[in-house]
Protein chains: 2
Amino acid sequence: MFKLDGKIEFSDKNNDILTVGELLIDMISEDYAENFESTAYHKFFGGSPSNIAMNVKNLGINSIVASAVGEDGLGDFLINHLQKAGIDTNCVQRVDYSTSIVVVTKSKSTPIPIFYRGADYRIAYTSKLEEALLQSKIIHFSCWPISMLPVRHTIEKVIEAANKNNILVCFDPNYHPMIWKKGENGVEYVKSIISKVDIIKPSEDDAERLFGKDTPENQLEKFLKLGAKLVIMTLGKDGAIVSNGEEIIRFHTLATEIVDTTGAGDAFWSGFYTAVVKGYSIREALNLGFAVSAYKLKYTGAVVDLPKLEAIQEMYGY
Amino acid sequence: MFKLDGKIEFSDKNNDILTVGELLIDMISEDYAENFESTAYHKFFGGSPSNIAMNVKNLGINSIVASAVGEDGLGDFLINHLQKAGIDTNCVQRVDYSTSIVVVTKSKSTPIPIFYRGADYRIAYTSKLEEALLQSKIIHFSCWPISMLPVRHTIEKVIEAANKNNILVCFDPNYHPMIWKKGENGVEYVKSIISKVDIIKPSEDDAERLFGKDTPENQLEKFLKLGAKLVIMTLGKDGAIVSNGEEIIRFHTLATEIVDTTGAGDAFWSGFYTAVVKGYSIREALNLGFAVSAYKLKYTGAVVDLPKLEAIQEMYGY
């Protein structure tokens with residue numbers, strides 16, 4: 001049970017967060033095109049685990065990224081980008097598959113990404129990864145690395161080792177059938193993983209994809225029943241509701257100006273993680289997470305140049 | 001045995017050529033970049049079977065393309081492009097895998113393409129494909145569709161049916177380990193396919209990848225020994241040597257101005273096919289193939305706006 005006004009106690013470790021998952025190239029069209037006639041695309045650094053790593057570095061804590069990229073130029077580009085941002089890339093594995101890319105043709109209706117997954121789901125459970133894990137306070141992953149084999153087995157081993165070693169396990173249940181292993185319905189598997197983790201942050205859409213339509217309160221209840229110890233359910237412009245199974249708290253959005261929603265969820269995680277590592281209570285950490293997310297929403301890009309957590313705390317009055 | 005001054009006799013069929021193989025997107029960087037720092041890429045229509053189809057249409061004969069693309073926007077784009085060029089797309093299959101793409105970052109040294117193969121190697125041997133095959137005079141394929149399963153089995157069935165039905169089988173043995181199924185050495189398989197086809201057009205590099213370094217004459221001999229009935233070996237600026245197992249002929253290059261070599265090999269095939277279908281002798285068809293290739297070399301792009309074969313014949317004096 002997480003007490004909302006309590007702190008999360010961590011043992012003394014060299015590293016704060018280990019994020020495990022996709023590192024990839026986003027190829028995004030320059031223009032809007034309804035029929036993929038658009039000819040120019042731009043290549044961007046992508047992957048939520050690395051975005052969180054870069055965010056928490058700015059906010060004031062440490063991280064290690066565990067991912068897999070190809071033995072190719074795009075893999076070099078991704079590793080260089082992380083290194084320039086000062087991120088430890090010792091756990092970025094090079095594998096004999098093409099660096100994963102996602103092609104997005106912008107559309108006035110819903111842009112449908114096309115996935116080209118090669119290297120990203122080949123992260124192996126190596127002794128280097130285990131070492132990084134054992135020296136970390138928190139591990140974080142999303143549905144990407146559990147959506148495919150063999151990396152799913154790596155995540156299973158990571159969770160097992162984390163649970164044995166009193167490491168906080170946080171999971172973003174951003175389930176979407178588009179990224180899931182062909183021929184397998186991921187819903188049951190995602191639910192089985194929720195029982196093994198500590199903290200999850202579903203959006204309303206994630207909840208609907210897992211359980212069907214229902215009220216936020218009922219969805220919260222379903223996540224708790226599956227075994228999650230703290231559920232942070234985001235509701236877009238309506239803020240968020242959070243429960244530890246004992247108490248529900250509601251958060252209004254702190255966003256005053258919304259320029260770009262890309263990366264807002266990762267910004268929340270980053271603020272929340274930084275705060276719990278720095279010794280804030282869970283309630284304070286939630287507020288700081290939402291403050292970092294609101295700050296990010298004012299700027300374009302998945303990763304923006306965040307100030308220190310204390311500066312954000314001052315800005316938003318927490 | 002193909003007599004060099006003889007014609008190839010075809011039965012009366014509705015369609016001239018059926019090309020089977022990859023249909024894909026080339027994503028090519030705008031700038032040269034040695035470390036994949038290049039950010040802008042342009043999307044191009046790609047795939048040699050379709051390039052040949054578009055060429056022969058301009059030169060004056062018919063074709064059908066058998067390929068597979070994804071149920072996605074890039075697949076729509078490729079099919080629309082073919083249809084706009086007046087190509088029959090009835091044998092372009094839609095499959096539940098992403099449309100294949102190749103990312104090329106231009107480089108002053110050798111650009112290394114990164115392959116993302118999804119849909120392209122899922123061409124099934126359907127009744128529609130068999131029907132198209134049986135109504136064609138020639139079938140053409142390259143190493144792309146034999147490099148992976150399951151399409152390799154489709155090609156094996158295509159060859160078997162073509163051999164039974166007196167359809168000319170032409171193969172581009174453009175072997176490269178980069179596109180080959182992981183963990184398999186493709187050399188032996190490519191050699192085994194050569195024994196089952198009529199005409200092949202290796203380049204010197206193809207020969208070296210299959211047999212190691214040797215003189216063009218010795219390489220020709222090796223291809224003939226494997227069972228190819230006509231071997232057209234291109235030697236870049238040194239023209240080509242051709243053998244039917246009885247006689248060797250040498251061709252000097254007809255190229256006077258080289259602007260872009262992309263698609264020059266497919267332009268040769270296109271001119272050669274158009275000529276044999278139109279009833280020219282093999283010797284004449286070889287000359288016309290090299291003339292079409294020389295014409296293409298003067299312009300940028302894999303597919304250029306070719307005139308009718310007769311116009312090219314006049315230009316080059318054959």
# chains A, B, ... in the order shown; residues from 1 in each chain; ligands from 1

call {"tool": "interface_residues", "arguments": {"of": "chain A", "to": "chain B", "cutoff": "7 Å", "atoms": "only C-alpha atoms", "output": "NGL selection string"}}
result
:A and (35-37 or 39-43 or 73-74 or 77 or 98 or 114-116)

call {"tool": "write_last_selection", "arguments": {"atoms": "N, CA and C atoms", "output": "compact mmCIF listing (two decimals), in the first residue's frame"}}
result
# COMPACT_ATOMS: atom_id res chain seq x y z
N ASN A 35 -3.57 11.11 -48.71
CA ASN A 35 -3.37 9.88 -49.46
C ASN A 35 -1.90 9.50 -49.61
N PHE A 36 -1.10 9.93 -48.65
CA PHE A 36 0.33 9.58 -48.65
C PHE A 36 1.04 10.10 -49.90
N GLU A 37 0.50 11.18 -50.49
CA GLU A 37 1.18 11.75 -51.65
C GLU A 37 2.36 12.62 -51.20
N THR A 39 5.70 13.99 -50.17
CA THR A 39 6.99 13.41 -50.57
C THR A 39 8.11 13.64 -49.57
N ALA A 40 8.09 14.76 -48.82
CA ALA A 40 9.21 15.04 -47.90
C ALA A 40 8.89 14.60 -46.48
N TYR A 41 9.84 13.93 -45.89
CA TYR A 41 9.71 13.45 -44.52
C TYR A 41 10.92 13.94 -43.72
N HIS A 42 10.72 14.12 -42.41
CA HIS A 42 11.86 14.47 -41.57
C HIS A 42 12.06 13.39 -40.52
N LYS A 43 13.33 13.18 -40.24
CA LYS A 43 13.74 12.12 -39.33
C LYS A 43 13.90 12.72 -37.94
N GLY A 73 23.49 3.12 -39.68
CA GLY A 73 23.66 4.56 -39.50
C GLY A 73 22.58 5.17 -38.63
N LEU A 74 21.37 4.66 -38.73
CA LEU A 74 20.30 5.22 -37.90
C LEU A 74 20.52 4.88 -36.42
N PHE A 77 23.10 7.26 -35.18
CA PHE A 77 22.47 8.56 -34.98
C PHE A 77 21.76 8.62 -33.62
N SER A 98 17.55 -4.11 -38.52
CA SER A 98 17.50 -2.68 -38.81
C SER A 98 16.91 -1.90 -37.63
N ILE A 114 2.86 3.95 -39.60
CA ILE A 114 3.23 2.63 -40.10
C ILE A 114 4.50 2.22 -39.35
N PHE A 115 4.46 1.04 -38.75
CA PHE A 115 5.55 0.59 -37.90
C PHE A 115 6.50 -0.33 -38.66
N TYR A 116 7.79 -0.10 -38.48
CA TYR A 116 8.83 -0.97 -39.04
C TYR A 116 9.72 -1.36 -37.88

call {"tool": "residues_around", "arguments": {"residues": "Ile64 (chain B)", "least_positions_apart": "6", "cutoff": "10 Å", "atoms": "only C-alpha atoms", "output": "PyMOL selection string"}}
result
chain B and resi 15-20+49-50+53-54+87-92+129+132-133+136+139

call {"tool": "residues_around", "arguments": {"residues": "region 244-251 of chain A", "least_positions_apart": "5", "cutoff": "6 Å", "atoms": "only C-alpha atoms", "output": "number ranges by chain"}}
result
A: 229-230, 239

call {"tool": "select_by_dssp", "arguments": {"residues": "region 119-311 of chain B", "states": "strand (DSSP E)", "output": "compact mmCIF listing (two decimals) with N, CA and C atoms, in the first residue's frame"}}
result
# COMPACT_ATOMS: atom_id res chain seq x y z
N SER B 136 0.89 -15.20 -69.95
CA SER B 136 2.06 -14.37 -70.25
C SER B 136 3.08 -15.12 -71.10
N LYS B 137 3.88 -14.37 -71.86
CA LYS B 137 4.93 -14.97 -72.69
C LYS B 137 6.25 -15.13 -71.92
N ILE B 138 6.50 -14.17 -71.02
CA ILE B 138 7.78 -14.12 -70.31
C ILE B 138 7.50 -13.90 -68.83
N ILE B 139 8.28 -14.54 -67.94
CA ILE B 139 8.25 -14.11 -66.55
C ILE B 139 9.64 -13.63 -66.17
N HIS B 140 9.65 -12.62 -65.31
CA HIS B 140 10.90 -11.99 -64.88
C HIS B 140 10.89 -11.86 -63.37
N PHE B 141 12.03 -12.20 -62.76
CA PHE B 141 12.20 -11.94 -61.32
C PHE B 141 13.69 -11.76 -61.04
N SER B 142 13.97 -11.23 -59.86
CA SER B 142 15.36 -11.01 -59.46
C SER B 142 15.61 -11.75 -58.14
N LEU B 168 8.90 -18.25 -71.24
CA LEU B 168 10.32 -17.90 -71.09
C LEU B 168 10.58 -17.39 -69.67
N VAL B 169 11.60 -17.96 -69.01
CA VAL B 169 11.90 -17.59 -67.61
C VAL B 169 13.21 -16.81 -67.56
N CYS B 170 13.14 -15.55 -67.12
CA CYS B 170 14.33 -14.70 -67.06
C CYS B 170 14.58 -14.26 -65.63
N PHE B 171 15.83 -14.26 -65.25
CA PHE B 171 16.21 -14.07 -63.84
C PHE B 171 17.39 -13.11 -63.76
N ASP B 172 17.27 -12.14 -62.86
CA ASP B 172 18.37 -11.22 -62.60
C ASP B 172 19.07 -11.70 -61.34
N ILE B 199 17.20 -17.33 -69.24
CA ILE B 199 18.10 -16.20 -69.51
C ILE B 199 18.45 -15.51 -68.20
N ILE B 200 19.73 -15.20 -68.03
CA ILE B 200 20.15 -14.43 -66.85
C ILE B 200 21.02 -13.26 -67.28
N LEU B 230 21.13 -18.70 -71.80
CA LEU B 230 21.70 -17.48 -72.38
C LEU B 230 22.18 -16.62 -71.21
N VAL B 231 23.46 -16.26 -71.24
CA VAL B 231 24.03 -15.45 -70.15
C VAL B 231 24.47 -14.11 -70.71
N ILE B 232 23.92 -13.04 -70.16
CA ILE B 232 24.27 -11.69 -70.58
C ILE B 232 25.00 -11.06 -69.41
N MET B 233 26.31 -10.94 -69.53
CA MET B 233 27.06 -10.44 -68.39
C MET B 233 27.50 -9.01 -68.66
N THR B 234 27.03 -8.08 -67.85
CA THR B 234 27.34 -6.67 -68.08
C THR B 234 28.64 -6.31 -67.37
N ALA B 240 29.51 -5.48 -72.46
CA ALA B 240 28.95 -6.75 -71.97
C ALA B 240 29.52 -7.89 -72.79
N ILE B 241 29.50 -9.10 -72.23
CA ILE B 241 29.75 -10.30 -73.02
C ILE B 241 28.57 -11.24 -72.83
N VAL B 242 28.24 -11.91 -73.93
CA VAL B 242 27.04 -12.74 -73.94
C VAL B 242 27.41 -14.10 -74.51
N SER B 243 26.84 -15.13 -73.93
CA SER B 243 27.07 -16.45 -74.52
C SER B 243 25.81 -17.30 -74.44
N ILE B 248 30.51 -16.70 -78.08
CA ILE B 248 30.56 -15.53 -77.18
C ILE B 248 30.53 -14.28 -78.04
N ILE B 249 29.64 -13.31 -77.71
CA ILE B 249 29.71 -12.03 -78.41
C ILE B 249 30.00 -10.93 -77.41
N ARG B 250 30.74 -9.95 -77.89
CA ARG B 250 31.09 -8.81 -77.05
C ARG B 250 30.31 -7.59 -77.51
N PHE B 251 29.86 -6.82 -76.59
CA PHE B 251 29.15 -5.57 -76.90
C PHE B 251 29.91 -4.41 -76.27

call {"tool": "residues_around", "arguments": {"residues": "Glu130 (chain A)", "least_positions_apart": "3", "cutoff": "10 Å", "atoms": "only C-alpha atoms", "output": "PyMOL selection string"}}
result
chain A and resi 91+125-127+133-136+157-158+161-162

call {"tool": "residues_around", "arguments": {"residues": "region 268-271 of chain A", "least_positions_apart": "2", "cutoff": "10 Å", "atoms": "only C-alpha atoms", "output": "PDB file with N, CA, C and O atoms, in the first residue's frame"}}
result
ATOM      1  N   ILE A  17      16.806   5.828 -12.212  1.00  0.00           N
ATOM      2  CA  ILE A  17      15.821   5.106 -13.035  1.00  0.00           C
ATOM      3  C   ILE A  17      16.495   4.338 -14.150  1.00  0.00           C
ATOM      4  O   ILE A  17      17.400   4.848 -14.802  1.00  0.00           O
ATOM      5  N   ASN A  51      13.084   9.506 -23.941  1.00  0.00           N
ATOM      6  CA  ASN A  51      12.534  10.829 -23.638  1.00  0.00           C
ATOM      7  C   ASN A  51      12.488  11.044 -22.122  1.00  0.00           C
ATOM      8  O   ASN A  51      12.850  12.110 -21.626  1.00  0.00           O
ATOM      9  N   ILE A  52      12.070  10.003 -21.409  1.00  0.00           N
ATOM     10  CA  ILE A  52      12.035  10.102 -19.945  1.00  0.00           C
ATOM     11  C   ILE A  52      13.447  10.285 -19.386  1.00  0.00           C
ATOM     12  O   ILE A  52      13.685  11.121 -18.512  1.00  0.00           O
ATOM     13  N   ALA A  53      14.398   9.537 -19.942  1.00  0.00           N
ATOM     14  CA  ALA A  53      15.785   9.656 -19.478  1.00  0.00           C
ATOM     15  C   ALA A  53      16.309  11.084 -19.661  1.00  0.00           C
ATOM     16  O   ALA A  53      16.940  11.646 -18.760  1.00  0.00           O
ATOM     17  N   MET A  54      16.027  11.663 -20.832  1.00  0.00           N
ATOM     18  CA  MET A  54      16.510  13.026 -21.073  1.00  0.00           C
ATOM     19  C   MET A  54      15.796  14.035 -20.181  1.00  0.00           C
ATOM     20  O   MET A  54      16.398  14.962 -19.665  1.00  0.00           O
ATOM     21  N   ASN A  55      14.503  13.823 -19.968  1.00  0.00           N
ATOM     22  CA  ASN A  55      13.745  14.716 -19.076  1.00  0.00           C
ATOM     23  C   ASN A  55      14.275  14.698 -17.641  1.00  0.00           C
ATOM     24  O   ASN A  55      14.486  15.739 -17.042  1.00  0.00           O
ATOM     25  N   VAL A  56      14.449  13.480 -17.084  1.00  0.00           N
ATOM     26  CA  VAL A  56      14.823  13.422 -15.659  1.00  0.00           C
ATOM     27  C   VAL A  56      16.234  13.967 -15.459  1.00  0.00           C
ATOM     28  O   VAL A  56      16.535  14.517 -14.397  1.00  0.00           O
ATOM     29  N   LYS A  57      17.058  13.866 -16.475  1.00  0.00           N
ATOM     30  CA  LYS A  57      18.395  14.452 -16.359  1.00  0.00           C
ATOM     31  C   LYS A  57      18.285  15.971 -16.158  1.00  0.00           C
ATOM     32  O   LYS A  57      18.943  16.540 -15.291  1.00  0.00           O
ATOM     33  N   ASN A  58      17.428  16.593 -16.967  1.00  0.00           N
ATOM     34  CA  ASN A  58      17.215  18.039 -16.820  1.00  0.00           C
ATOM     35  C   ASN A  58      16.597  18.372 -15.462  1.00  0.00           C
ATOM     36  O   ASN A  58      16.956  19.359 -14.833  1.00  0.00           O
ATOM     37  N   LEU A  59      15.684  17.540 -15.026  1.00  0.00           N
ATOM     38  CA  LEU A  59      14.974  17.804 -13.771  1.00  0.00           C
ATOM     39  C   LEU A  59      15.864  17.581 -12.553  1.00  0.00           C
ATOM     40  O   LEU A  59      15.605  18.130 -11.488  1.00  0.00           O
ATOM     41  N   GLY A  60      16.906  16.738 -12.729  1.00  0.00           N
ATOM     42  CA  GLY A  60      17.873  16.614 -11.637  1.00  0.00           C
ATOM     43  C   GLY A  60      18.174  15.228 -11.080  1.00  0.00           C
ATOM     44  O   GLY A  60      18.767  15.120 -10.005  1.00  0.00           O
ATOM     45  N   ILE A  61      17.789  14.140 -11.774  1.00  0.00           N
ATOM     46  CA  ILE A  61      18.204  12.804 -11.298  1.00  0.00           C
ATOM     47  C   ILE A  61      18.864  12.019 -12.441  1.00  0.00           C
ATOM     48  O   ILE A  61      18.920  12.500 -13.577  1.00  0.00           O
ATOM     49  N   HIS A 140      11.217   1.429 -15.374  1.00  0.00           N
ATOM     50  CA  HIS A 140      10.058   1.933 -16.112  1.00  0.00           C
ATOM     51  C   HIS A 140       9.989   1.264 -17.468  1.00  0.00           C
ATOM     52  O   HIS A 140      10.989   1.142 -18.161  1.00  0.00           O
ATOM     53  N   CYS A 170       7.405   0.479 -12.456  1.00  0.00           N
ATOM     54  CA  CYS A 170       6.358   1.364 -12.992  1.00  0.00           C
ATOM     55  C   CYS A 170       6.106   1.029 -14.452  1.00  0.00           C
ATOM     56  O   CYS A 170       7.037   0.790 -15.223  1.00  0.00           O
ATOM     57  N   ASP A 172       3.642   1.796 -17.998  1.00  0.00           N
ATOM     58  CA  ASP A 172       2.686   2.617 -18.747  1.00  0.00           C
ATOM     59  C   ASP A 172       1.856   1.664 -19.606  1.00  0.00           C
ATOM     60  O   ASP A 172       2.341   1.173 -20.624  1.00  0.00           O
ATOM     61  N   ILE A 200       1.008   2.305 -12.116  1.00  0.00           N
ATOM     62  CA  ILE A 200       0.658   2.418 -13.537  1.00  0.00           C
ATOM     63  C   ILE A 200       0.001   3.770 -13.797  1.00  0.00           C
ATOM     64  O   ILE A 200      -0.590   4.368 -12.888  1.00  0.00           O
ATOM     65  N   LYS A 201       0.116   4.232 -15.049  1.00  0.00           N
ATOM     66  CA  LYS A 201      -0.493   5.509 -15.421  1.00  0.00           C
ATOM     67  C   LYS A 201      -1.249   5.331 -16.741  1.00  0.00           C
ATOM     68  O   LYS A 201      -0.767   5.674 -17.805  1.00  0.00           O
ATOM     69  N   GLY A 263       4.403  13.816 -25.852  1.00  0.00           N
ATOM     70  CA  GLY A 263       5.359  13.698 -24.754  1.00  0.00           C
ATOM     71  C   GLY A 263       4.843  14.202 -23.414  1.00  0.00           C
ATOM     72  O   GLY A 263       5.586  14.204 -22.422  1.00  0.00           O
ATOM     73  N   ALA A 264       3.580  14.594 -23.338  1.00  0.00           N
ATOM     74  CA  ALA A 264       3.050  15.131 -22.074  1.00  0.00           C
ATOM     75  C   ALA A 264       3.008  14.041 -21.000  1.00  0.00           C
ATOM     76  O   ALA A 264       3.298  14.296 -19.830  1.00  0.00           O
ATOM     77  N   GLY A 265       2.647  12.822 -21.414  1.00  0.00           N
ATOM     78  CA  GLY A 265       2.601  11.708 -20.465  1.00  0.00           C
ATOM     79  C   GLY A 265       3.981  11.383 -19.919  1.00  0.00           C
ATOM     80  O   GLY A 265       4.153  11.155 -18.719  1.00  0.00           O
ATOM     81  N   ASP A 266       4.983  11.365 -20.797  1.00  0.00           N
ATOM     82  CA  ASP A 266       6.355  11.098 -20.355  1.00  0.00           C
ATOM     83  C   ASP A 266       6.864  12.224 -19.456  1.00  0.00           C
ATOM     84  O   ASP A 266       7.652  11.980 -18.536  1.00  0.00           O
ATOM     85  N   TYR A 273       8.806  10.856 -11.077  1.00  0.00           N
ATOM     86  CA  TYR A 273       9.990  10.081 -10.688  1.00  0.00           C
ATOM     87  C   TYR A 273      11.016  10.957  -9.968  1.00  0.00           C
ATOM     88  O   TYR A 273      11.592  10.563  -8.958  1.00  0.00           O
ATOM     89  N   THR A 274      11.262  12.124 -10.567  1.00  0.00           N
ATOM     90  CA  THR A 274      12.268  13.002  -9.977  1.00  0.00           C
ATOM     91  C   THR A 274      11.856  13.373  -8.548  1.00  0.00           C
ATOM     92  O   THR A 274      12.676  13.362  -7.619  1.00  0.00           O
ATOM     93  N   ALA A 275      10.563  13.648  -8.378  1.00  0.00           N
ATOM     94  CA  ALA A 275      10.078  14.054  -7.054  1.00  0.00           C
ATOM     95  C   ALA A 275      10.168  12.917  -6.039  1.00  0.00           C
ATOM     96  O   ALA A 275      10.643  13.117  -4.916  1.00  0.00           O
ATOM     97  N   VAL A 276       9.747  11.677  -6.426  1.00  0.00           N
ATOM     98  CA  VAL A 276       9.808  10.595  -5.425  1.00  0.00           C
ATOM     99  C   VAL A 276      11.259  10.266  -5.072  1.00  0.00           C
ATOM    100  O   VAL A 276      11.568   9.974  -3.919  1.00  0.00           O
ATOM    101  N   ALA A 285       4.581  14.445  -5.261  1.00  0.00           N
ATOM    102  CA  ALA A 285       5.185  13.974  -6.516  1.00  0.00           C
ATOM    103  C   ALA A 285       4.150  13.977  -7.648  1.00  0.00           C
ATOM    104  O   ALA A 285       4.473  14.299  -8.805  1.00  0.00           O
ATOM    105  N   LEU A 286       2.915  13.623  -7.307  1.00  0.00           N
ATOM    106  CA  LEU A 286       1.851  13.657  -8.321  1.00  0.00           C
ATOM    107  C   LEU A 286       1.660  15.101  -8.802  1.00  0.00           C
ATOM    108  O   LEU A 286       1.621  15.370 -10.008  1.00  0.00           O
ATOM    109  N   ASN A 287       1.558  16.022  -7.868  1.00  0.00           N
ATOM    110  CA  ASN A 287       1.407  17.430  -8.252  1.00  0.00           C
ATOM    111  C   ASN A 287       2.587  17.907  -9.097  1.00  0.00           C
ATOM    112  O   ASN A 287       2.403  18.611 -10.085  1.00  0.00           O
ATOM    113  N   LEU A 288       3.785  17.499  -8.723  1.00  0.00           N
ATOM    114  CA  LEU A 288       4.967  17.928  -9.484  1.00  0.00           C
ATOM    115  C   LEU A 288       4.983  17.281 -10.865  1.00  0.00           C
ATOM    116  O   LEU A 288       5.381  17.907 -11.843  1.00  0.00           O
ATOM    117  N   GLY A 289       4.544  16.044 -10.944  1.00  0.00           N
ATOM    118  CA  GLY A 289       4.426  15.390 -12.252  1.00  0.00           C
ATOM    119  C   GLY A 289       3.482  16.170 -13.162  1.00  0.00           C
ATOM    120  O   GLY A 289       3.816  16.458 -14.316  1.00  0.00           O
ATOM    121  N   PHE A 290       2.333  16.531 -12.637  1.00  0.00           N
ATOM    122  CA  PHE A 290       1.375  17.281 -13.462  1.00  0.00           C
ATOM    123  C   PHE A 290       1.919  18.668 -13.806  1.00  0.00           C
ATOM    124  O   PHE A 290       1.648  19.193 -14.888  1.00  0.00           O
ATOM    125  N   ALA A 291       2.702  19.239 -12.912  1.00  0.00           N
ATOM    126  CA  ALA A 291       3.298  20.558 -13.191  1.00  0.00           C
ATOM    127  C   ALA A 291       4.305  20.444 -14.344  1.00  0.00           C
ATOM    128  O   ALA A 291       4.311  21.277 -15.262  1.00  0.00           O
ATOM    129  N   VAL A 292       5.131  19.402 -14.318  1.00  0.00           N
ATOM    130  CA  VAL A 292       6.117  19.221 -15.399  1.00  0.00           C
ATOM    131  C   VAL A 292       5.384  18.985 -16.727  1.00  0.00           C
ATOM    132  O   VAL A 292       5.762  19.519 -17.777  1.00  0.00           O
ATOM    133  N   SER A 293       4.311  18.215 -16.685  1.00  0.00           N
ATOM    134  CA  SER A 293       3.525  17.961 -17.876  1.00  0.00           C
ATOM    135  C   SER A 293       2.929  19.272 -18.415  1.00  0.00           C
ATOM    136  O   SER A 293       2.970  19.540 -19.619  1.00  0.00           O
ATOM    137  N   ALA A 294       2.400  20.103 -17.523  1.00  0.00           N
ATOM    138  CA  ALA A 294       1.820  21.386 -17.943  1.00  0.00           C
ATOM    139  C   ALA A 294       2.897  22.274 -18.560  1.00  0.00           C
ATOM    140  O   ALA A 294       2.654  22.977 -19.557  1.00  0.00           O
ATOM    141  N   TYR A 295       4.090  22.238 -17.992  1.00  0.00           N
ATOM    142  CA  TYR A 295       5.204  23.028 -18.536  1.00  0.00           C
ATOM    143  C   TYR A 295       5.527  22.549 -19.955  1.00  0.00           C
ATOM    144  O   TYR A 295       5.640  23.336 -20.892  1.00  0.00           O
ATOM    145  N   LYS A 296       5.648  21.257 -20.129  1.00  0.00           N
ATOM    146  CA  LYS A 296       5.963  20.658 -21.437  1.00  0.00           C
ATOM    147  C   LYS A 296       4.914  21.048 -22.497  1.00  0.00           C
ATOM    148  O   LYS A 296       5.242  21.327 -23.654  1.00  0.00           O
ATOM    149  N   LEU A 306      13.664  21.112 -20.213  1.00  0.00           N
ATOM    150  CA  LEU A 306      13.043  21.317 -18.899  1.00  0.00           C
ATOM    151  C   LEU A 306      14.026  21.972 -17.934  1.00  0.00           C
ATOM    152  O   LEU A 306      15.205  21.636 -17.923  1.00  0.00           O
ATOM    153  N   LYS A 308      15.208  22.650 -13.806  1.00  0.00           N
ATOM    154  CA  LYS A 308      15.286  21.766 -12.629  1.00  0.00           C
ATOM    155  C   LYS A 308      13.902  21.625 -12.002  1.00  0.00           C
ATOM    156  O   LYS A 308      13.085  22.543 -12.090  1.00  0.00           O
ATOM    157  N   LEU A 309      13.679  20.506 -11.315  1.00  0.00           N
ATOM    158  CA  LEU A 309      12.376  20.274 -10.684  1.00  0.00           C
ATOM    159  C   LEU A 309      12.008  21.427  -9.748  1.00  0.00           C
ATOM    160  O   LEU A 309      10.852  21.865  -9.702  1.00  0.00           O
ATOM    161  N   ILE A 312      10.458  24.325 -11.472  1.00  0.00           N
ATOM    162  CA  ILE A 312       9.071  24.062 -11.861  1.00  0.00           C
ATOM    163  C   ILE A 312       8.165  24.138 -10.635  1.00  0.00           C
ATOM    164  O   ILE A 312       7.063  24.685 -10.686  1.00  0.00           O
ATOM    165  N   GLN A 313       8.672  23.626  -9.537  1.00  0.00           N
ATOM    166  CA  GLN A 313       7.909  23.661  -8.286  1.00  0.00           C
ATOM    167  C   GLN A 313       7.573  25.107  -7.914  1.00  0.00           C
ATOM    168  O   GLN A 313       6.435  25.420  -7.539  1.00  0.00           O
TER     169      GLN A 313
END

call {"tool": "residues_around", "arguments": {"residues": "Gly6 (chain A)", "least_positions_apart": "3", "cutoff": "8 Å", "atoms": "only C-alpha atoms", "output": "PyMOL selection string"}}
result
chain A and resi 2-3+281-282

call {"tool": "write_last_selection", "arguments": {"atoms": "C-alpha atoms", "output": "mmCIF file, in the first residue's frame"}}
result
data_model
loop_
_atom_site.group_PDB
_atom_site.id
_atom_site.type_symbol
_atom_site.label_atom_id
_atom_site.label_comp_id
_atom_site.auth_asym_id
_atom_site.auth_seq_id
_atom_site.Cartn_x
_atom_site.Cartn_y
_atom_site.Cartn_z
ATOM 1 C CA PHE A 2 1.347 3.411 -0.929
ATOM 2 C CA LYS A 3 0.352 6.055 1.606
ATOM 3 C CA SER A 281 5.589 12.533 -0.711
ATOM 4 C CA ILE A 282 3.510 10.700 -3.297
#

call {"tool": "atom_distance", "arguments": {"atom1": "CA of Ala311 (chain B)", "atom2": "CA of Tyr280 (chain B)"}}
result
14.8 Å

call {"tool": "atom_distance", "arguments": {"atom1": "CA of Cys143 (chain B)", "atom2": "CA of Lys106 (chain B)"}}
result
23.7 Å

call {"tool": "select_by_dssp", "arguments": {"residues": "region 134-186 of chain B", "states": "alpha helix (DSSP H)", "output": "list in words"}}
result
Leu134, Val151, Arg152, His153, Thr154, Ile155, Glu156, Lys157, Val158, Ile159, Glu160, Ala161, Ala162, Asn163, Lys164 and Gly186 of chain B

call {"tool": "decode", "arguments": {"residues": "region 213-225 of chain A", "atoms": "C-alpha atoms", "output": "short mmCIF file (atom, residue, chain, number, x, y, z; two decimals), in the first residue's frame"}}
result
data_model
loop_
_atom_site.label_atom_id
_atom_site.label_comp_id
_atom_site.auth_asym_id
_atom_site.auth_seq_id
_atom_site.Cartn_x
_atom_site.Cartn_y
_atom_site.Cartn_z
CA LYS A 213 -16.08 2.04 -22.00
CA ASP A 214 -16.87 2.84 -18.37
CA THR A 215 -16.66 5.69 -15.87
CA PRO A 216 -13.17 6.73 -14.72
CA GLU A 217 -13.98 5.58 -11.19
CA ASN A 218 -14.97 2.11 -12.36
CA GLN A 219 -11.89 1.84 -14.56
CA LEU A 220 -9.67 2.81 -11.60
CA GLU A 221 -11.31 0.06 -9.60
CA LYS A 222 -10.59 -2.52 -12.34
CA PHE A 223 -6.91 -1.60 -12.46
CA LEU A 224 -6.67 -1.89 -8.67
CA LYS A 225 -8.39 -5.27 -8.74
#
